[in-house]
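J.: If you scroll down you'll find the structure; I have some questions about it.
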Amino acid sequence: MSIGAYTAGILVVHYQVPFLPALLAGALMAGLCGFLIGTPTLRLRGDYLAIATLGFGEIIRVVFLDLEITGGTMGLRGIPKQPQLFFTLTVFACLVITSFILYRIMRSRTGRAFIAIREDEVAAEAMGINTTKYKIMAFTVSALFAGLAGGLYAGFYRFISPNSFNFLKSIEILSMVVLGGMGNFLGAGVGAVVLTVAPELLRSFSAYRQVFYGALLVVMMLVRPTGLLGGVKLSLGTFGNKPGTRQTESEGEAHALTGDR
């Protein structure tokens with residue numbers, strides 16, 4: 001997200017590149033960095049993978065602190081303000097396009113490989129799935145869309161600094177996924193909406209935002225570990241099924257995994 005934000009911001013501020021091309025460049029740069037970082041690290045598993053990715057994140061933050069073109073510790077200022085209607089339509093278009101692309105990926109053969117690796121990596125390898133290849137692919141795609149979000153973030157706030165993308169930002173995004181339901185396409189969106197609106201409603205308690213996130217994670221793990229929509233088998237394809245022919249998401253995935261072989 002920080003790479004996408006800084007790439008877009010630098011292109012707009014220092015090179016007067018229009019916002020949309022800069023936004024696309026930020027997404028592509030983030031995707032490229034995701035591929036370069038993911039190729040060596042995604043061969044690791046468990047705690048080692050988490051430590052490696054957190055280490056790379058800290059390296060990137062320190063690099064941005066030391067570069068003159070990024071503004072260093074003062075941050076990158078002077079990002080031009082975009083017309084309100086144009087920016088709103090851009091955000092909405094990015095939301096629709098991102099949701100459509102990710103939905104199509106998850107309904108494809110590649111997406112079913114992602115699901116198989118998520119459920120049981122050892123079993124997926126036994127079935128002949130190249131887990132390293134698909135994990136790198138997933139990491140690259142997610143980095144690309146994170147970079148897109150970073151570019152929109154820079155365009156909205158018009159100021160970015162390395163501290164805008166610290167470990168707490170990762171916790172905030174993780175909280176959205178856990179709250180909505182891990183592995184649930186709609187759940188991630190619901191969690192993002194709830195944790196975006198809630199701080200605005202509780203603005204007088206903004207100093208305790210991180211405490212709120214931490215307490216929320218603990219409560220969700222105790223009360224509903226699967227998240228708000230965990231276990232709810234809804235997908236965009238559900239609304240196109242005829243009455244009496246509805247198929248749950250897990251049944252559809254199992255049929256797709258066995259039917260395409």
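Simple scheme: letters A, B, ... for chains in structure tokens order, numbers from 1 for residues in each chain, numbers from 1 for ligands in the order shown.
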Name all residues at most 9 Å from A:Gly183 (count only C-alpha atoms; drop same-chain ones fewer than 2 positions away) and give them as a list of chain:residue names.
T.: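 Neighbouring residues, sequence-local ones excluded: A:Ile115, A:Arg118, A:Val177, A:Gly181, A:Phe185, A:Gly187, A:Ala188, A:Gly230.
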J.: Take the residues from that selection and put them in a file with C-alpha atoms, as a PDB file, in the first residue's frame.
T.:
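Full text of again05.pdb as output:
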```
ATOM      1  CA  ILE A 115      -8.883 -22.325  -1.897  1.00  0.00           C
ATOM      2  CA  ARG A 118      -5.859 -22.288   2.082  1.00  0.00           C
ATOM      3  CA  VAL A 177     -10.929  -9.284   7.537  1.00  0.00           C
ATOM      4  CA  GLY A 181     -15.098 -13.368   8.097  1.00  0.00           C
ATOM      5  CA  PHE A 185     -15.673 -12.547  -0.233  1.00  0.00           C
ATOM      6  CA  GLY A 187     -17.308 -10.590   4.666  1.00  0.00           C
ATOM      7  CA  ALA A 188     -14.151  -8.616   3.922  1.00  0.00           C
ATOM      8  CA  GLY A 230     -18.369 -16.628   8.524  1.00  0.00           C
TER       9      GLY A 230
END
```
J.: At a cut-off of 12 Å, using only C-alpha atoms, what residues contact A:Gly55? Leave out same-chain residues fewer than 5 positions from it and give the result as a JSON list (two decimals) with C-alpha atoms, in the first residue's frame.
T.:
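Final file, around.json:
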```
[["chain", "number", "residue", "atom", "x", "y", "z"],
["A", 37, "ILE", "CA", 9.45, -9.97, -2.29],
["A", 41, "THR", "CA", 9.77, -15.40, 1.15],
["A", 48, "TYR", "CA", 9.06, -17.66, 9.48],
["A", 49, "LEU", "CA", 6.89, -16.28, 6.67],
["A", 50, "ALA", "CA", 5.28, -13.73, 9.01],
["A", 60, "ILE", "CA", 10.52, -0.33, 2.95],
["A", 61, "ARG", "CA", 9.41, 2.09, 5.67],
["A", 62, "VAL", "CA", 13.02, 2.93, 6.56],
["A", 166, "ASN", "CA", 3.19, 1.29, 9.95],
["A", 167, "PHE", "CA", 2.37, -1.98, 11.68]]
```
J.: Give me the residues near A:Leu32 as a PDB file with N, CA and C atoms, in the first residue's frame, where near means some atom within 12 Å (using only C-alpha atoms) and where sequence neighbours in that chain fewer than 2 positions away do not count.
T.:
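File result25.pdb, as written:
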```pdb
ATOM      1  N   ILE A   3       3.955   1.507  -1.133  1.00  0.00           N
ATOM      2  CA  ILE A   3       4.640   1.629  -2.428  1.00  0.00           C
ATOM      3  C   ILE A   3       3.704   2.243  -3.461  1.00  0.00           C
ATOM      4  N   GLY A   4       2.467   1.817  -3.492  1.00  0.00           N
ATOM      5  CA  GLY A   4       1.504   2.393  -4.421  1.00  0.00           C
ATOM      6  C   GLY A   4       1.241   3.860  -4.144  1.00  0.00           C
ATOM      7  N   ALA A  25       0.232   3.330 -12.305  1.00  0.00           N
ATOM      8  CA  ALA A  25       1.660   3.063 -12.113  1.00  0.00           C
ATOM      9  C   ALA A  25       1.948   2.610 -10.686  1.00  0.00           C
ATOM     10  N   GLY A  26       1.264   3.207  -9.728  1.00  0.00           N
ATOM     11  CA  GLY A  26       1.450   2.807  -8.331  1.00  0.00           C
ATOM     12  C   GLY A  26       1.013   1.374  -8.094  1.00  0.00           C
ATOM     13  N   ALA A  27      -0.114   0.993  -8.706  1.00  0.00           N
ATOM     14  CA  ALA A  27      -0.602  -0.383  -8.556  1.00  0.00           C
ATOM     15  C   ALA A  27       0.379  -1.375  -9.182  1.00  0.00           C
ATOM     16  N   LEU A  28       0.887  -1.054 -10.374  1.00  0.00           N
ATOM     17  CA  LEU A  28       1.820  -1.950 -11.056  1.00  0.00           C
ATOM     18  C   LEU A  28       3.146  -2.056 -10.297  1.00  0.00           C
ATOM     19  N   MET A  29       3.621  -0.944  -9.761  1.00  0.00           N
ATOM     20  CA  MET A  29       4.869  -0.982  -8.999  1.00  0.00           C
ATOM     21  C   MET A  29       4.712  -1.832  -7.739  1.00  0.00           C
ATOM     22  N   ALA A  30       3.574  -1.695  -7.069  1.00  0.00           N
ATOM     23  CA  ALA A  30       3.322  -2.502  -5.877  1.00  0.00           C
ATOM     24  C   ALA A  30       3.240  -3.981  -6.234  1.00  0.00           C
ATOM     25  N   GLY A  34       5.647  -6.846  -4.920  1.00  0.00           N
ATOM     26  CA  GLY A  34       5.062  -8.024  -4.297  1.00  0.00           C
ATOM     27  C   GLY A  34       5.635  -9.299  -4.875  1.00  0.00           C
ATOM     28  N   PHE A  35       5.815  -9.304  -6.203  1.00  0.00           N
ATOM     29  CA  PHE A  35       6.406 -10.480  -6.858  1.00  0.00           C
ATOM     30  C   PHE A  35       7.858 -10.671  -6.422  1.00  0.00           C
ATOM     31  N   LEU A  36       8.633  -9.579  -6.399  1.00  0.00           N
ATOM     32  CA  LEU A  36      10.047  -9.678  -6.039  1.00  0.00           C
ATOM     33  C   LEU A  36      10.233 -10.099  -4.580  1.00  0.00           C
ATOM     34  N   ILE A  37       9.353  -9.612  -3.709  1.00  0.00           N
ATOM     35  CA  ILE A  37       9.447  -9.972  -2.291  1.00  0.00           C
ATOM     36  C   ILE A  37       8.882 -11.368  -2.046  1.00  0.00           C
ATOM     37  N   GLY A  38       7.791 -11.685  -2.742  1.00  0.00           N
ATOM     38  CA  GLY A  38       7.131 -12.965  -2.508  1.00  0.00           C
ATOM     39  C   GLY A  38       7.908 -14.152  -3.014  1.00  0.00           C
ATOM     40  N   THR A  39       8.677 -13.975  -4.088  1.00  0.00           N
ATOM     41  CA  THR A  39       9.407 -15.107  -4.675  1.00  0.00           C
ATOM     42  C   THR A  39      10.346 -15.783  -3.676  1.00  0.00           C
ATOM     43  N   ILE A 136       2.770 -17.219  -4.705  1.00  0.00           N
ATOM     44  CA  ILE A 136       3.400 -16.029  -5.277  1.00  0.00           C
ATOM     45  C   ILE A 136       2.396 -15.256  -6.127  1.00  0.00           C
ATOM     46  N   MET A 137       1.576 -15.983  -6.884  1.00  0.00           N
ATOM     47  CA  MET A 137       0.558 -15.337  -7.705  1.00  0.00           C
ATOM     48  C   MET A 137      -0.439 -14.570  -6.838  1.00  0.00           C
ATOM     49  N   PHE A 139       0.042 -13.454  -3.812  1.00  0.00           N
ATOM     50  CA  PHE A 139       0.749 -12.352  -3.160  1.00  0.00           C
ATOM     51  C   PHE A 139       0.914 -11.177  -4.113  1.00  0.00           C
ATOM     52  N   THR A 140       1.218 -11.475  -5.371  1.00  0.00           N
ATOM     53  CA  THR A 140       1.412 -10.421  -6.370  1.00  0.00           C
ATOM     54  C   THR A 140       0.113  -9.690  -6.669  1.00  0.00           C
ATOM     55  N   VAL A 141      -0.966 -10.455  -6.861  1.00  0.00           N
ATOM     56  CA  VAL A 141      -2.265  -9.843  -7.159  1.00  0.00           C
ATOM     57  C   VAL A 141      -2.732  -8.989  -5.987  1.00  0.00           C
ATOM     58  N   SER A 142      -2.589  -9.507  -4.773  1.00  0.00           N
ATOM     59  CA  SER A 142      -3.028  -8.738  -3.611  1.00  0.00           C
ATOM     60  C   SER A 142      -2.173  -7.481  -3.431  1.00  0.00           C
ATOM     61  N   ALA A 143      -0.869  -7.588  -3.721  1.00  0.00           N
ATOM     62  CA  ALA A 143      -0.005  -6.409  -3.633  1.00  0.00           C
ATOM     63  C   ALA A 143      -0.418  -5.355  -4.657  1.00  0.00           C
ATOM     64  N   LEU A 144      -0.801  -5.803  -5.848  1.00  0.00           N
ATOM     65  CA  LEU A 144      -1.231  -4.866  -6.896  1.00  0.00           C
ATOM     66  C   LEU A 144      -2.446  -4.068  -6.442  1.00  0.00           C
ATOM     67  N   PHE A 145      -3.437  -4.745  -5.889  1.00  0.00           N
ATOM     68  CA  PHE A 145      -4.640  -4.025  -5.462  1.00  0.00           C
ATOM     69  C   PHE A 145      -4.398  -3.219  -4.186  1.00  0.00           C
ATOM     70  N   ALA A 146      -3.465  -3.666  -3.347  1.00  0.00           N
ATOM     71  CA  ALA A 146      -3.081  -2.849  -2.194  1.00  0.00           C
ATOM     72  C   ALA A 146      -2.415  -1.557  -2.659  1.00  0.00           C
ATOM     73  N   GLY A 147      -1.592  -1.665  -3.721  1.00  0.00           N
ATOM     74  CA  GLY A 147      -0.977  -0.466  -4.294  1.00  0.00           C
ATOM     75  C   GLY A 147      -2.010   0.488  -4.866  1.00  0.00           C
TER      76      GLY A 147
END
```
J.: Looking at A:Ser175, A:Ser2, A:Ser161, A:Gln82, which one is nearest to A:Val211, with distances taken over only C-alpha atoms?
T.: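 Selected residue with least distance to A:Val211: A:Ser175.
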J.: Using only C-alpha atoms, which residue out of A:Thr7, A:Gln84, A:Phe114, A:Gly72 lies closest to A:Pro21?
T.: A:Thr7
J.: Which is closer to A:Ile97 than all the others in A:Phe64, A:Ala52, A:Leu148, A:Phe156, using only C-alpha atoms?
T.: A:Leu148
J.: For atom CA of A:Ala8 and atom CA of A:Pro162, quote the distance in Å rounded to one decimal.
T.: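 Rounded to one decimal, the two atoms are 14.5 Å apart.
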J.: Measuring between only C-alpha atoms, which one of A:Gly75, A:Gly46, A:Pro80, A:Gly151 shows the shortest distance to A:Leu20?
T.: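 Going through A:Gly75, A:Gly46, A:Pro80, A:Gly151 one by one, the smallest distance to A:Leu20 is for A:Gly151.
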J.: If we count only C-alpha atoms and set the cut-off at 9 Å, which residues sit around A:Val122, ignoring sequence neighbours fewer than 5 positions away in its own chain? Please answer as a list in words.
T.: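 Within the cut-off, the hits are Ile117, Met127 and Thr131 of chain A.
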J.: List every residue of stretch 6-255 of chain A that DSSP, applied to the backbone of this structure, assigns to alpha helix (DSSP H), and report them as an NGL selection string.
T.: :A and (6-15 or 19-41 or 46-66 or 84-106 or 109-119 or 121-126 or 131-157 or 167-180 or 185-201 or 209-223 or 249-255)
J.: Tell me, in Å to one decimal, how far atom CA of A:Ala149 is from atom CA of A:Arg77.
T.: 18.3 Å
J.: Can you tell me, as a PDB file with N, CA and C atoms, in the first residue's frame, what residues are no more than 10 Å from A:Ala113 when counting only C-alpha atoms, ignoring any on the same chain fewer than 4 positions away?
T.:
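After the write, selection-v5.pdb holds the following:
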```pdb
ATOM      1  N   MET A 106     -11.488 -15.909  -8.129  1.00  0.00           N
ATOM      2  CA  MET A 106     -11.851 -16.944  -7.168  1.00  0.00           C
ATOM      3  C   MET A 106     -12.794 -17.985  -7.747  1.00  0.00           C
ATOM      4  N   SER A 108     -12.394 -19.103 -10.793  1.00  0.00           N
ATOM      5  CA  SER A 108     -11.641 -19.738 -11.865  1.00  0.00           C
ATOM      6  C   SER A 108     -10.848 -20.920 -11.318  1.00  0.00           C
ATOM      7  N   ARG A 109     -10.156 -21.613 -12.203  1.00  0.00           N
ATOM      8  CA  ARG A 109      -9.303 -22.728 -11.790  1.00  0.00           C
ATOM      9  C   ARG A 109      -8.207 -22.263 -10.839  1.00  0.00           C
ATOM     10  N   ILE A 117      -5.189 -24.593  -1.329  1.00  0.00           N
ATOM     11  CA  ILE A 117      -3.996 -24.306  -0.533  1.00  0.00           C
ATOM     12  C   ILE A 117      -4.389 -23.725   0.816  1.00  0.00           C
ATOM     13  N   ARG A 118      -5.403 -22.870   0.821  1.00  0.00           N
ATOM     14  CA  ARG A 118      -5.859 -22.288   2.082  1.00  0.00           C
ATOM     15  C   ARG A 118      -6.379 -23.351   3.037  1.00  0.00           C
ATOM     16  N   GLU A 119      -7.129 -24.304   2.513  1.00  0.00           N
ATOM     17  CA  GLU A 119      -7.737 -25.313   3.369  1.00  0.00           C
ATOM     18  C   GLU A 119      -6.713 -26.321   3.876  1.00  0.00           C
ATOM     19  N   GLU A 121      -2.599 -27.120   2.750  1.00  0.00           N
ATOM     20  CA  GLU A 121      -1.505 -26.962   1.802  1.00  0.00           C
ATOM     21  C   GLU A 121      -0.850 -28.296   1.462  1.00  0.00           C
ATOM     22  N   ALA A 124      -3.046 -30.119  -0.920  1.00  0.00           N
ATOM     23  CA  ALA A 124      -2.983 -29.475  -2.233  1.00  0.00           C
ATOM     24  C   ALA A 124      -1.723 -29.892  -2.979  1.00  0.00           C
ATOM     25  N   ILE A 129      -0.765 -29.618  -7.039  1.00  0.00           N
ATOM     26  CA  ILE A 129      -0.809 -28.153  -7.152  1.00  0.00           C
ATOM     27  C   ILE A 129       0.540 -27.577  -6.735  1.00  0.00           C
ATOM     28  N   ASN A 130       1.095 -26.726  -7.581  1.00  0.00           N
ATOM     29  CA  ASN A 130       2.353 -26.058  -7.277  1.00  0.00           C
ATOM     30  C   ASN A 130       2.058 -24.931  -6.281  1.00  0.00           C
ATOM     31  N   THR A 131       2.166 -25.235  -4.999  1.00  0.00           N
ATOM     32  CA  THR A 131       1.737 -24.283  -3.972  1.00  0.00           C
ATOM     33  C   THR A 131       2.581 -23.013  -3.981  1.00  0.00           C
ATOM     34  N   TYR A 134       1.360 -20.688  -6.827  1.00  0.00           N
ATOM     35  CA  TYR A 134       0.069 -20.049  -6.599  1.00  0.00           C
ATOM     36  C   TYR A 134       0.126 -19.065  -5.434  1.00  0.00           C
ATOM     37  N   LYS A 135       0.969 -19.334  -4.447  1.00  0.00           N
ATOM     38  CA  LYS A 135       1.103 -18.371  -3.352  1.00  0.00           C
ATOM     39  C   LYS A 135       1.765 -17.088  -3.838  1.00  0.00           C
ATOM     40  N   LEU A 257     -13.623 -28.523  -8.005  1.00  0.00           N
ATOM     41  CA  LEU A 257     -12.301 -29.123  -7.848  1.00  0.00           C
ATOM     42  C   LEU A 257     -12.233 -30.514  -8.453  1.00  0.00           C
TER      43      LEU A 257
END
```
J.: Could you list, as a count of residues only, every residue within 9 Å of A:Ile79, counting only C-alpha atoms and ignoring same-chain residues fewer than 6 positions away?
T.: 10
J.: Work out how far apart atom CA of A:Leu152 and atom CA of A:Met1 are and give it in Å to one decimal.
T.: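 Computed distance, atom CA of A:Leu152 to atom CA of A:Met1, equals 9.7 Å.
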